>>> print(open('input.cif').read())   # mmCIF, C-alpha atoms (C1' of nucleotides)
data_my_file
loop_
_atom_site.label_atom_id
_atom_site.label_comp_id
_atom_site.auth_asym_id
_atom_site.auth_seq_id
_atom_site.Cartn_x
_atom_site.Cartn_y
_atom_site.Cartn_z
CA MET I 1 11.27 -3.37 -31.80
CA ASN I 2 13.89 -6.07 -31.41
CA LYS I 3 13.45 -8.11 -34.53
CA LYS I 4 16.83 -9.73 -34.79
CA ASN I 5 17.34 -10.59 -31.15
CA ASP I 6 14.71 -13.30 -30.95
CA GLN I 7 17.34 -16.00 -30.57
CA THR I 8 17.05 -15.67 -26.80
CA SER I 9 19.73 -17.87 -25.32
CA SER I 10 18.81 -21.08 -23.58
CA THR I 11 20.29 -19.73 -20.34
CA GLU I 12 18.05 -16.71 -20.55
CA LEU I 13 15.03 -18.92 -21.07
CA LYS I 14 15.99 -21.23 -18.22
CA ILE I 15 16.27 -18.21 -15.94
CA PHE I 16 12.94 -16.85 -17.08
CA GLU I 17 11.15 -20.13 -16.53
CA ALA I 18 12.70 -20.57 -13.08
CA ALA I 19 11.79 -17.00 -12.17
CA ARG I 20 8.23 -17.57 -13.32
CA GLU I 21 7.88 -20.55 -11.02
CA VAL I 22 9.42 -18.89 -7.99
CA PHE I 23 7.64 -15.56 -8.39
CA GLN I 24 4.30 -17.26 -8.90
CA ALA I 25 4.77 -19.42 -5.84
CA LYS I 26 6.17 -16.77 -3.49
CA GLY I 27 5.35 -13.38 -4.92
CA LEU I 28 7.79 -10.57 -5.65
CA GLU I 29 8.94 -9.97 -2.10
CA GLY I 30 8.91 -13.61 -1.05
CA ALA I 31 11.06 -14.75 -3.96
CA ARG I 32 14.83 -15.05 -3.57
CA MET I 33 17.28 -14.50 -6.39
CA GLN I 34 19.30 -17.42 -5.05
CA GLU I 35 16.31 -19.74 -5.30
CA ILE I 36 15.71 -18.67 -8.88
CA ALA I 37 19.37 -19.29 -9.69
CA ASP I 38 19.29 -22.71 -8.04
CA ARG I 39 16.17 -23.74 -9.90
CA ALA I 40 17.65 -22.54 -13.20
CA GLU I 41 20.88 -24.33 -12.29
CA ILE I 42 22.98 -21.28 -13.04
CA ASN I 43 25.12 -18.88 -11.10
CA LYS I 44 23.35 -16.11 -9.24
CA SER I 45 25.26 -13.34 -10.96
CA LEU I 46 23.95 -14.48 -14.32
CA LEU I 47 20.54 -13.28 -13.25
CA HIS I 48 21.88 -9.77 -13.23
CA TYR I 49 23.82 -10.27 -16.42
CA TYR I 50 20.59 -11.07 -18.26
CA TYR I 51 17.99 -9.03 -16.39
CA ARG I 52 19.91 -6.33 -14.47
CA SER I 53 17.76 -6.38 -11.34
CA LYS I 54 15.16 -8.38 -9.46
CA ASP I 55 12.50 -5.79 -10.22
CA LYS I 56 13.19 -5.89 -13.94
CA LEU I 57 13.12 -9.67 -13.97
CA PHE I 58 9.87 -9.66 -12.06
CA GLU I 59 8.33 -7.13 -14.38
CA LYS I 60 9.09 -9.30 -17.41
CA VAL I 61 7.67 -12.39 -15.76
CA TYR I 62 4.59 -10.55 -14.57
CA GLN I 63 3.78 -8.91 -17.86
CA LEU I 64 4.32 -12.04 -19.88
CA SER I 65 2.20 -14.08 -17.49
CA ILE I 66 -0.64 -11.72 -18.18
CA ILE I 67 -0.08 -11.12 -21.86
CA ARG I 68 0.04 -14.83 -22.60
CA VAL I 69 -3.27 -15.52 -20.91
CA ILE I 70 -5.55 -12.49 -21.11
CA PRO I 71 -5.88 -12.03 -24.89
CA GLN I 72 -6.62 -15.74 -25.28
CA ILE I 73 -9.52 -15.44 -22.89
CA VAL I 74 -10.89 -12.16 -24.15
CA SER I 75 -10.93 -13.40 -27.72
CA LEU I 76 -13.33 -16.15 -26.65
CA LEU I 77 -15.90 -13.47 -25.96
CA ASN I 78 -15.50 -11.89 -29.37
CA GLN I 79 -16.43 -14.82 -31.53
CA ASP I 80 -19.55 -14.56 -33.63
CA LEU I 81 -21.71 -17.04 -31.75
CA PRO I 82 -25.14 -17.18 -30.13
CA LEU I 83 -24.98 -16.39 -26.43
CA GLU I 84 -25.39 -19.92 -25.14
CA ASP I 85 -22.72 -21.37 -27.43
CA LYS I 86 -20.39 -18.54 -26.55
CA LEU I 87 -20.89 -19.07 -22.83
CA ARG I 88 -20.24 -22.80 -23.04
CA ASN I 89 -17.15 -22.27 -25.11
CA PHE I 90 -15.88 -19.48 -22.86
CA ILE I 91 -16.28 -21.52 -19.68
CA ASP I 92 -14.72 -24.62 -21.16
CA LYS I 93 -11.68 -22.93 -22.67
CA TYR I 94 -11.15 -20.58 -19.73
CA LEU I 95 -11.08 -23.56 -17.36
CA GLU I 96 -8.56 -25.31 -19.57
CA ILE I 97 -6.30 -22.29 -19.54
CA ILE I 98 -6.44 -22.04 -15.76
CA ILE I 99 -5.93 -25.76 -15.29
CA ALA I 100 -2.74 -25.37 -17.29
CA ASN I 101 -1.72 -22.30 -15.22
CA PRO I 102 -3.39 -22.70 -11.84
CA ASP I 103 -1.13 -20.28 -9.95
CA ILE I 104 -1.57 -17.35 -12.28
CA PRO I 105 -4.84 -15.88 -11.01
CA LEU I 106 -3.68 -15.46 -7.42
CA PHE I 107 -0.28 -14.29 -8.60
CA ILE I 108 -1.78 -11.58 -10.79
CA LEU I 109 -4.35 -10.46 -8.24
CA HIS I 110 -2.01 -10.36 -5.27
CA GLU I 111 0.48 -8.14 -7.05
CA LEU I 112 -2.31 -6.05 -8.54
CA ASN I 113 -3.75 -5.47 -5.10
CA LYS I 114 -0.46 -4.19 -3.74
CA ASN I 115 -0.35 -1.77 -6.67
CA PRO I 116 -3.80 -1.31 -8.23
CA THR I 117 -2.69 1.08 -10.97
CA ARG I 118 -0.20 -1.42 -12.34
CA LEU I 119 -1.11 -2.40 -15.91
CA LYS I 120 -4.14 -0.16 -15.81
CA THR I 121 -3.74 0.99 -19.41
CA PHE I 122 -3.10 -2.53 -20.63
CA MET I 123 -6.14 -3.90 -18.87
CA LEU I 124 -8.35 -1.11 -20.09
CA ASN I 125 -7.28 -1.53 -23.71
CA GLU I 126 -6.84 -5.29 -23.84
CA ILE I 127 -9.83 -6.25 -21.72
CA GLY I 128 -12.07 -3.30 -20.99
CA LYS I 129 -12.52 -2.11 -24.55
CA LYS I 130 -12.65 -5.59 -26.03
CA ILE I 131 -15.44 -6.91 -23.87
CA THR I 132 -17.95 -4.16 -24.63
CA PRO I 133 -19.38 -6.07 -27.59
CA PHE I 134 -20.00 -9.04 -25.32
CA LEU I 135 -21.62 -6.87 -22.67
CA GLU I 136 -23.78 -5.44 -25.44
CA GLN I 137 -24.74 -8.92 -26.56
CA LEU I 138 -25.77 -9.72 -22.98
CA ARG I 139 -27.89 -6.59 -22.81
CA GLU I 140 -29.47 -7.35 -26.16
CA GLU I 141 -30.48 -10.85 -25.05
CA SER I 142 -31.72 -9.39 -21.79
CA ARG I 143 -33.99 -6.98 -23.67
CA LYS I 144 -35.36 -9.92 -25.62
CA GLY I 145 -36.12 -11.57 -22.29
CA ASN I 146 -33.68 -14.41 -22.92
CA THR I 147 -31.53 -13.90 -19.85
CA VAL I 148 -31.98 -13.27 -16.17
CA ASP I 149 -32.80 -9.64 -15.39
CA LEU I 150 -29.44 -8.43 -14.15
CA PRO I 151 -26.89 -5.84 -15.31
CA ALA I 152 -24.45 -7.37 -17.78
CA GLU I 153 -21.50 -6.56 -15.52
CA GLN I 154 -23.01 -8.52 -12.64
CA ILE I 155 -23.56 -11.51 -14.88
CA LEU I 156 -19.99 -11.44 -16.15
CA VAL I 157 -18.63 -11.14 -12.61
CA ASN I 158 -20.73 -14.12 -11.53
CA ILE I 159 -19.39 -16.20 -14.38
CA MET I 160 -15.76 -15.24 -13.88
CA SER I 161 -16.05 -15.83 -10.14
CA MET I 162 -17.22 -19.39 -10.57
CA ILE I 163 -14.52 -20.14 -13.10
CA ILE I 164 -11.56 -18.63 -11.29
CA PHE I 165 -12.21 -18.73 -7.56
CA PRO I 166 -12.00 -22.49 -6.98
CA PHE I 167 -8.32 -22.32 -7.91
CA ILE I 168 -7.60 -19.36 -5.66
CA GLY I 169 -9.45 -20.96 -2.77
CA ARG I 170 -8.00 -24.38 -3.40
CA PRO I 171 -6.19 -24.81 -0.05
CA VAL I 172 -9.38 -23.99 1.82
CA PHE I 173 -11.65 -26.21 -0.23
CA GLN I 174 -9.22 -29.07 -0.24
CA THR I 175 -9.00 -28.96 3.54
CA ILE I 176 -12.66 -28.54 4.44
CA PHE I 177 -13.76 -31.21 1.97
CA GLU I 178 -10.85 -33.42 3.01
CA MET I 179 -9.59 -33.92 -0.52
CA ASP I 180 -6.07 -34.99 -1.39
CA ASP I 181 -4.49 -33.72 -4.60
CA ALA I 182 -6.03 -36.47 -6.69
CA ALA I 183 -9.46 -35.78 -5.25
CA PHE I 184 -9.14 -32.09 -6.01
CA GLU I 185 -8.16 -32.88 -9.56
CA GLN I 186 -11.25 -35.03 -9.81
CA PHE I 187 -13.31 -32.20 -8.34
CA ILE I 188 -12.07 -29.87 -11.08
CA TYR I 189 -12.73 -32.49 -13.72
CA GLU I 190 -16.29 -32.82 -12.46
CA ARG I 191 -16.57 -29.04 -12.47
CA LYS I 192 -15.49 -28.84 -16.07
CA LYS I 193 -18.36 -31.13 -16.98
CA THR I 194 -21.04 -29.47 -14.87
CA LEU I 195 -20.26 -25.76 -14.74
CA PRO I 196 -21.31 -24.87 -18.30
CA ASP I 197 -24.78 -26.30 -17.73
CA PHE I 198 -25.08 -24.66 -14.34
CA ILE I 199 -24.11 -21.23 -15.65
CA VAL I 200 -26.26 -21.45 -18.77
CA GLN I 201 -29.26 -22.49 -16.69
CA SER I 202 -28.61 -19.69 -14.23
CA VAL I 203 -28.10 -16.94 -16.76
CA MET I 204 -30.49 -17.86 -19.57
CA LYS I 205 -34.21 -18.30 -19.30
CA MET D 1 -5.33 -19.12 29.72
CA ASN D 2 -4.48 -15.46 30.35
CA LYS D 3 -7.43 -14.24 32.31
CA LYS D 4 -5.87 -11.38 34.14
CA ASN D 5 -3.82 -9.93 31.33
CA ASP D 6 -6.73 -8.73 29.24
CA GLN D 7 -5.89 -5.11 29.95
CA THR D 8 -3.79 -5.05 26.80
CA SER D 9 -2.08 -1.68 26.72
CA SER D 10 -3.16 0.93 24.23
CA THR D 11 0.29 0.86 22.65
CA GLU D 12 0.00 -2.85 22.10
CA LEU D 13 -3.38 -2.37 20.46
CA LYS D 14 -2.12 0.47 18.27
CA ILE D 15 0.71 -1.75 17.11
CA PHE D 16 -1.61 -4.63 16.40
CA GLU D 17 -3.99 -2.49 14.40
CA ALA D 18 -1.16 -0.95 12.39
CA ALA D 19 0.32 -4.38 11.77
CA ARG D 20 -3.03 -5.68 10.62
CA GLU D 21 -3.31 -2.92 8.04
CA VAL D 22 0.21 -3.26 6.74
CA PHE D 23 0.26 -7.07 6.63
CA GLN D 24 -3.10 -7.18 4.90
CA ALA D 25 -2.00 -4.65 2.32
CA LYS D 26 1.49 -6.02 1.63
CA GLY D 27 1.65 -9.57 2.90
CA LEU D 28 4.18 -11.01 5.34
CA GLU D 29 7.27 -10.54 3.21
CA GLY D 30 6.20 -7.21 1.71
CA ALA D 31 5.52 -5.62 5.08
CA ARG D 32 8.22 -3.56 6.81
CA MET D 33 8.53 -3.28 10.56
CA GLN D 34 9.40 0.38 10.09
CA GLU D 35 6.16 1.00 8.24
CA ILE D 36 4.16 -0.67 10.99
CA ALA D 37 5.95 1.45 13.58
CA ASP D 38 5.31 4.62 11.59
CA ARG D 39 1.65 3.84 11.19
CA ALA D 40 1.31 3.05 14.89
CA GLU D 41 3.27 6.23 15.65
CA ILE D 42 5.66 4.43 17.95
CA ASN D 43 9.33 3.53 17.98
CA LYS D 44 10.39 0.52 15.97
CA SER D 45 11.96 -1.24 18.93
CA LEU D 46 8.61 -1.28 20.72
CA LEU D 47 7.41 -3.76 18.14
CA HIS D 48 9.94 -6.22 19.49
CA TYR D 49 9.22 -5.30 23.08
CA TYR D 50 5.58 -6.32 22.63
CA TYR D 51 5.76 -9.06 20.01
CA ARG D 52 9.38 -10.29 20.02
CA SER D 53 9.66 -10.83 16.25
CA LYS D 54 8.06 -10.03 12.93
CA ASP D 55 6.96 -13.63 12.51
CA LYS D 56 5.25 -13.72 15.89
CA LEU D 57 3.49 -10.42 15.22
CA PHE D 58 2.35 -11.69 11.86
CA GLU D 59 1.10 -14.94 13.30
CA LYS D 60 -1.08 -13.09 15.83
CA VAL D 61 -2.50 -10.84 13.14
CA TYR D 62 -3.11 -13.70 10.77
CA GLN D 63 -4.79 -15.99 13.25
CA LEU D 64 -6.98 -13.27 14.67
CA SER D 65 -8.00 -12.15 11.19
CA ILE D 66 -9.26 -15.63 10.53
CA ILE D 67 -10.70 -16.42 13.92
CA ARG D 68 -12.73 -13.24 13.97
CA VAL D 69 -14.34 -13.96 10.63
CA ILE D 70 -14.63 -17.68 9.99
CA PRO D 71 -16.79 -18.82 12.94
CA GLN D 72 -19.23 -16.00 12.23
CA ILE D 73 -19.69 -17.24 8.70
CA VAL D 74 -19.83 -20.92 9.47
CA SER D 75 -22.47 -20.41 12.14
CA LEU D 76 -24.76 -18.96 9.48
CA LEU D 77 -24.90 -22.38 7.88
CA ASN D 78 -25.83 -24.09 11.12
CA GLN D 79 -29.06 -22.32 11.86
CA ASP D 80 -32.24 -24.33 11.83
CA LEU D 81 -33.79 -22.85 8.70
CA PRO D 82 -35.28 -24.05 5.43
CA LEU D 83 -32.70 -24.09 2.64
CA GLU D 84 -33.88 -20.99 0.82
CA ASP D 85 -34.01 -18.84 3.95
CA LYS D 86 -30.63 -20.10 5.00
CA LEU D 87 -29.09 -19.30 1.64
CA ARG D 88 -30.49 -15.77 1.59
CA ASN D 89 -29.33 -15.13 5.11
CA PHE D 90 -25.89 -16.64 4.43
CA ILE D 91 -25.29 -14.54 1.33
CA ASP D 92 -26.49 -11.34 2.93
CA LYS D 93 -24.49 -11.64 6.14
CA TYR D 94 -21.38 -13.00 4.43
CA LEU D 95 -21.36 -10.02 2.09
CA GLU D 96 -21.70 -7.66 5.03
CA ILE D 97 -18.74 -9.25 6.76
CA ILE D 98 -16.57 -8.95 3.66
CA ILE D 99 -17.67 -5.40 3.00
CA ALA D 100 -16.45 -4.59 6.49
CA ASN D 101 -13.15 -6.49 5.88
CA PRO D 102 -12.56 -6.37 2.12
CA ASP D 103 -8.84 -7.15 2.25
CA ILE D 104 -9.10 -10.27 4.35
CA PRO D 105 -9.94 -12.89 1.69
CA LEU D 106 -6.92 -12.17 -0.50
CA PHE D 107 -4.72 -11.82 2.57
CA ILE D 108 -5.75 -15.21 3.91
CA LEU D 109 -5.56 -16.97 0.59
CA HIS D 110 -2.22 -15.54 -0.48
CA GLU D 111 -0.52 -16.63 2.72
CA LEU D 112 -2.32 -19.95 2.66
CA ASN D 113 -1.11 -20.58 -0.84
CA LYS D 114 2.51 -20.04 0.11
CA ASN D 115 2.03 -22.52 2.93
CA PRO D 116 -1.01 -24.75 2.33
CA THR D 117 -0.69 -26.73 5.55
CA ARG D 118 -0.92 -23.61 7.69
CA LEU D 119 -4.02 -23.72 9.89
CA LYS D 120 -5.02 -27.05 8.46
CA THR D 121 -6.26 -28.41 11.77
CA PHE D 122 -8.10 -25.22 12.57
CA MET D 123 -9.82 -25.17 9.19
CA LEU D 124 -10.75 -28.81 9.37
CA ASN D 125 -12.26 -28.50 12.86
CA GLU D 126 -13.76 -25.02 12.59
CA ILE D 127 -15.03 -25.24 9.04
CA GLY D 128 -14.80 -28.75 7.66
CA LYS D 129 -16.58 -30.54 10.44
CA LYS D 130 -19.11 -27.78 11.01
CA ILE D 131 -20.39 -27.58 7.47
CA THR D 132 -21.24 -31.26 7.09
CA PRO D 133 -24.81 -30.71 8.38
CA PHE D 134 -25.30 -28.05 5.73
CA LEU D 135 -23.90 -30.29 3.01
CA GLU D 136 -26.28 -32.96 4.23
CA GLN D 137 -29.17 -30.53 4.04
CA LEU D 138 -28.21 -29.75 0.44
CA ARG D 139 -28.12 -33.46 -0.41
CA GLU D 140 -31.44 -34.05 1.28
CA GLU D 141 -33.12 -31.28 -0.74
CA SER D 142 -31.43 -32.61 -3.84
CA ARG D 143 -32.94 -36.07 -3.25
CA LYS D 144 -36.33 -34.43 -2.92
CA GLY D 145 -35.73 -32.82 -6.28
CA ASN D 146 -35.75 -29.31 -4.84
CA THR D 147 -32.29 -28.28 -6.02
CA VAL D 148 -30.21 -28.44 -9.14
CA ASP D 149 -28.66 -31.86 -9.67
CA LEU D 150 -25.09 -31.20 -8.58
CA PRO D 151 -22.83 -32.45 -5.80
CA ALA D 152 -23.27 -30.38 -2.64
CA GLU D 153 -19.61 -29.38 -2.68
CA GLN D 154 -19.90 -27.91 -6.17
CA ILE D 155 -22.92 -25.90 -5.13
CA LEU D 156 -21.17 -24.52 -2.08
CA VAL D 157 -18.09 -23.61 -4.11
CA ASN D 158 -20.28 -21.81 -6.63
CA ILE D 159 -21.96 -19.80 -3.90
CA MET D 160 -18.75 -18.89 -2.09
CA SER D 161 -17.09 -17.94 -5.37
CA MET D 162 -19.78 -15.43 -6.24
CA ILE D 163 -19.72 -13.93 -2.77
CA ILE D 164 -15.96 -13.59 -2.32
CA PHE D 165 -14.34 -13.23 -5.73
CA PRO D 166 -15.59 -9.75 -6.65
CA PHE D 167 -13.52 -8.35 -3.79
CA ILE D 168 -10.41 -10.27 -4.73
CA GLY D 169 -10.75 -9.28 -8.37
CA ARG D 170 -11.69 -5.71 -7.57
CA PRO D 171 -8.75 -3.99 -9.29
CA VAL D 172 -9.48 -5.88 -12.50
CA PHE D 173 -13.22 -5.30 -12.48
CA GLN D 174 -12.88 -1.68 -11.52
CA THR D 175 -10.53 -1.09 -14.43
CA ILE D 176 -12.32 -2.99 -17.17
CA PHE D 177 -15.70 -1.55 -16.22
CA GLU D 178 -14.14 1.89 -15.74
CA MET D 179 -15.52 2.33 -12.25
CA ASP D 180 -14.12 4.77 -9.71
CA ASP D 181 -14.27 3.85 -6.02
CA ALA D 182 -17.78 5.23 -5.62
CA ALA D 183 -18.99 3.29 -8.64
CA PHE D 184 -17.50 0.10 -7.29
CA GLU D 185 -19.21 0.68 -3.98
CA GLN D 186 -22.45 1.10 -5.87
CA PHE D 187 -21.72 -2.09 -7.80
CA ILE D 188 -21.35 -3.99 -4.52
CA TYR D 189 -24.51 -2.40 -3.17
CA GLU D 190 -26.38 -3.56 -6.26
CA ARG D 191 -24.85 -6.98 -5.82
CA LYS D 192 -26.05 -7.22 -2.27
CA LYS D 193 -29.58 -6.69 -3.52
CA THR D 194 -29.45 -9.03 -6.49
CA LEU D 195 -27.14 -11.89 -5.59
CA PRO D 196 -29.48 -13.72 -3.17
CA ASP D 197 -32.18 -13.97 -5.83
CA PHE D 198 -29.70 -15.01 -8.47
CA ILE D 199 -28.21 -17.77 -6.34
CA VAL D 200 -31.55 -19.06 -5.08
CA GLN D 201 -32.89 -19.20 -8.61
CA SER D 202 -29.76 -20.97 -9.80
CA VAL D 203 -29.60 -23.53 -7.04
CA MET D 204 -33.23 -24.29 -6.28
CA LYS D 205 -35.82 -25.60 -8.67
"C1'" DG Y 1 28.98 -15.94 -21.04
"C1'" DT Y 2 30.07 -17.76 -16.74
"C1'" DC Y 3 32.35 -17.95 -12.56
"C1'" DT Y 4 34.32 -16.25 -7.59
"C1'" DA Y 5 34.68 -12.80 -4.53
"C1'" DT Y 6 33.05 -8.80 -2.52
"C1'" DA Y 7 30.64 -4.42 -2.03
"C1'" DT Y 8 26.43 -2.13 -0.55
"C1'" DA Y 9 22.14 -1.60 1.31
"C1'" DA Y 10 18.14 -2.97 3.87
"C1'" DC Y 11 16.03 -4.92 7.45
"C1'" DG Y 12 15.07 -7.42 11.68
"C1'" DA Y 13 16.67 -7.60 16.17
"C1'" DT Y 14 19.17 -6.28 20.53
"C1'" DA Y 15 21.70 -3.46 24.18
"C1'" DG Y 16 21.48 -0.11 27.21
"C1'" DA Y 17 20.24 4.67 28.88
"C1'" DC Y 18 16.39 7.01 30.76
"C1'" DG C 1 7.59 1.39 28.79
"C1'" DT C 2 9.95 4.09 25.54
"C1'" DC C 3 13.82 5.92 23.36
"C1'" DT C 4 18.72 6.07 20.67
"C1'" DA C 5 22.29 3.72 18.87
"C1'" DT C 6 24.07 -0.22 16.90
"C1'" DC C 7 24.72 -5.09 15.76
"C1'" DG C 8 24.37 -9.12 12.71
"C1'" DT C 9 22.33 -11.21 8.87
"C1'" DT C 10 20.57 -11.60 4.65
"C1'" DA C 11 19.75 -10.27 0.00
"C1'" DT C 12 20.58 -7.62 -4.03
"C1'" DA C 13 23.99 -6.04 -6.86
"C1'" DT C 14 28.71 -5.28 -8.87
"C1'" DA C 15 33.84 -6.01 -10.00
"C1'" DG C 16 36.89 -8.50 -12.13
"C1'" DA C 17 39.23 -12.99 -13.48
"C1'" DC C 18 38.76 -16.55 -16.84
#
>>> encode(input="input.cif", output="structure tokens")
Amino acid sequence: MNKKNDQTSSTELKIFEAAREVFQAKGLEGARMQEIADRAEINKSLLHYYYRSKDKLFEKVYQLSIIRVIPQIVSLLNQDLPLEDKLRNFIDKYLEIIIANPDIPLFILHELNKNPTRLKTFMLNEIGKKITPFLEQLREESRKGNTVDLPAEQILVNIMSMIIFPFIGRPVFQTIFEMDDAAFEQFIYERKKTLPDFIVQSVMK
Amino acid sequence: MNKKNDQTSSTELKIFEAAREVFQAKGLEGARMQEIADRAEINKSLLHYYYRSKDKLFEKVYQLSIIRVIPQIVSLLNQDLPLEDKLRNFIDKYLEIIIANPDIPLFILHELNKNPTRLKTFMLNEIGKKITPFLEQLREESRKGNTVDLPAEQILVNIMSMIIFPFIGRPVFQTIFEMDDAAFEQFIYERKKTLPDFIVQSVMK
DNA sequence: GTCTATATAACGATAGAC
DNA sequence: GTCTATCGTTATATAGAC
């Protein structure tokens, strides 16, 4: 579409980055245009000059947050690998992506829950249709008796839950286990080492 | 404290129930006092008559949402049962509680993430201190070689992830698996039957 | 492109009649 | 207790100078 206009100005980028941080921390309704402007160190009216409205700015941030992360993850399931190797690789890389973007899961899911049809087509095409080969691989291995006897969807949900949820539940876990930030980081580091084994042992026979 | 004043008026209850629904669906900042009033079928100014301010109303809703659910769950871990029985019972009852209150996990965690110190004391006393016996039980069984070789905290996080996350990620899962509401309900029903076995087999040797 | 100043709208909150 | 009418504040958005 816009081939020539990829020299997005540095102001525009600074605004976008600031908006990403504020929206991810506070959500659409909790975010303030003034706070975004302050963090970007620009005048508030420049927000409107570049993005017209809060909703439009949010939409860009939201879509890019998803588009930058989802395809990366889905592609991990479409490599030509034996199930166990694929699982280990998937878990490892997925964790790395979340560690680099720990606020994104809750951000995406909170906004999606307020409006469940948002991005429906995107998700169906970019995730739904692209994971069917992996689900088929799971079913194939199940027929061969190589995995636990469970529908492929349940297995995938179990795996994704254990990867993602610790980051969403972080404030709870950190409090009840009395971990400071460093301890939580250590907890995640430990998880990165142990989770692949745990999942492989749980899923494969 | 207030022993006599437990004849909370029906208007007050209608407001509270409406507020619970709206806050859980939209969050603190996304909720509108007008929408709460509409849903409760009362005049907007009555909200202030009974609860003074939006923040105070929210605080009541938020605390009661948590207090009604957390102690129930924690107590399941403090029964005098062998590990396997306790796990099966915990998973089954926890799922039932969430099925009855599917919006609560995301609601709690979204607000907690915006303000991580909120309810810290409550969580530490009502969860943190009360789960240490269970963690100890896990460690004891681990020493005996009856469980997978993993820190107790990691095991508990794995279990809670698989119980809770499907509800938080519902819009995603429903879309990518092309499930309508009935199909998702069926998916959860299936999960209730299969998850205890899956977790027991994963955790215990 | 960037700023100051200001318009406009939304929302929470209050006053006061009944 | 419940209503109508209205206030005061805050936040988004725009106008216009530079």
>>> residues_around(input="input.cif", residues="Leu76 (chain D)", least_positions_apart="4", cutoff="9 Å", atoms="all atoms listed in the file", output="PDB file with C-alpha atoms, keeping the file's coordinate frame")
ATOM      1  CA  PRO D  71     -16.790 -18.820  12.940  1.00  0.00           C
ATOM      2  CA  GLN D  72     -19.230 -16.000  12.230  1.00  0.00           C
ATOM      3  CA  LYS D  86     -30.630 -20.100   5.000  1.00  0.00           C
ATOM      4  CA  LEU D  87     -29.090 -19.300   1.640  1.00  0.00           C
ATOM      5  CA  ASN D  89     -29.330 -15.130   5.110  1.00  0.00           C
ATOM      6  CA  PHE D  90     -25.890 -16.640   4.430  1.00  0.00           C
ATOM      7  CA  LYS D  93     -24.490 -11.640   6.140  1.00  0.00           C
ATOM      8  CA  TYR D  94     -21.380 -13.000   4.430  1.00  0.00           C
TER       9      TYR D  94
END
>>> residues_near_point(input="input.cif", point="(34.3, -17.7, -10.7)", cutoff="12 Å", atoms="all atoms listed in the file", output="list in words")
Asn43, Lys44, Ser45 and Leu46 of chain I; DG1, DT2, DC3, DT4 and DA5 of chain Y; DA15, DG16, DA17 and DC18 of chain C
>>> residues_around(input="input.cif", residues="DA9 (chain Y)", least_positions_apart="4", cutoff="10 Å", atoms="only C-alpha atoms (C1' of nucleotides)", output="CSV table (one decimal) with C-alpha atoms (C1' of nucleotides), in the coordinates of the input")
chain,number,residue,atom,x,y,z
C,11,DA,C1',19.8,-10.3,0.0
C,12,DT,C1',20.6,-7.6,-4.0
C,13,DA,C1',24.0,-6.0,-6.9
>>> closest_atom_pairs(input="input.cif", of="chain I", to="chain D", cutoff="8 Å", atoms="all atoms listed in the file", output="Markdown table")
| residue | atom | partner | partner_atom | distance |
| --- | --- | --- | --- | --- |
| I:Ala25 | CA | D:Lys114 | CA | 6.4 |
| I:Lys26 | CA | D:Lys114 | CA | 6.1 |
| I:Glu29 | CA | D:Gly30 | CA | 5.4 |
| I:Gly30 | CA | D:Glu29 | CA | 5.5 |
| I:Leu106 | CA | D:His110 | CA | 7.1 |
| I:Leu109 | CA | D:Gly169 | CA | 6.5 |
| I:His110 | CA | D:His110 | CA | 7.1 |
| I:Leu112 | CA | D:Pro171 | CA | 6.8 |
| I:Asn113 | CA | D:Pro171 | CA | 6.7 |
| I:Lys114 | CA | D:Lys26 | CA | 6.0 |
| I:Pro116 | CA | D:Pro171 | CA | 5.7 |
| I:Lys120 | CA | D:Thr175 | CA | 6.6 |
| I:Met123 | CA | D:Ile176 | CA | 6.5 |
| I:Leu124 | CA | D:Ile176 | CA | 5.3 |
| I:Ile127 | CA | D:Ile176 | CA | 6.1 |
| I:Gly128 | CA | D:Ile176 | CA | 3.8 |
| I:Lys129 | CA | D:Ile176 | CA | 7.4 |
| I:Leu150 | CA | D:Thr194 | CA | 7.7 |
| I:Glu153 | CA | D:Phe177 | CA | 7.7 |
| I:Gln154 | CA | D:Arg191 | CA | 7.2 |
| I:Val157 | CA | D:Pro166 | CA | 6.8 |
| I:Asn158 | CA | D:Met162 | CA | 5.5 |
| I:Ser161 | CA | D:Ser161 | CA | 5.3 |
| I:Met162 | CA | D:Ser161 | CA | 5.4 |
| I:Phe165 | CA | D:Ser161 | CA | 5.4 |
| I:Pro166 | CA | D:Val157 | CA | 6.8 |
| I:Ile168 | CA | D:Leu109 | CA | 7.0 |
| I:Gly169 | CA | D:Leu109 | CA | 6.5 |
| I:Pro171 | CA | D:Pro116 | CA | 5.7 |
| I:Val172 | CA | D:Met123 | CA | 7.5 |
| I:Phe173 | CA | D:Val157 | CA | 8.0 |
| I:Thr175 | CA | D:Leu124 | CA | 6.1 |
| I:Ile176 | CA | D:Gly128 | CA | 3.9 |
| I:Phe177 | CA | D:Gly128 | CA | 6.3 |
| I:Glu178 | CA | D:Gly128 | CA | 7.7 |
| I:Arg191 | CA | D:Gln154 | CA | 7.2 |
| I:Thr194 | CA | D:Leu150 | CA | 7.7 |
| I:Phe198 | CA | D:Ser202 | CA | 7.5 |
| I:Gln201 | CA | D:Ser202 | CA | 7.1 |
| I:Ser202 | CA | D:Ser202 | CA | 4.8 |
>>> interface_residues(input="input.cif", of="chain I", to="chain C", cutoff="9 Å", atoms="all atoms listed in the file", output="list in words")
Arg32, Met33, Gln34, Ser45, His48, Arg52, Ser53 and Lys54 of chain I
>>> interface_residues(input="input.cif", of="chain Y", to="chain D", cutoff="9 Å", atoms="all atoms listed in the file", output="PDB file with C-alpha atoms (C1' of nucleotides), in the coordinates of the input")
ATOM      1  C1'  DC Y  11      16.030  -4.920   7.450  1.00  0.00           C
ATOM      2  C1'  DG Y  12      15.070  -7.420  11.680  1.00  0.00           C
ATOM      3  C1'  DA Y  13      16.670  -7.600  16.170  1.00  0.00           C
ATOM      4  C1'  DT Y  14      19.170  -6.280  20.530  1.00  0.00           C
TER       5       DT Y  14
END
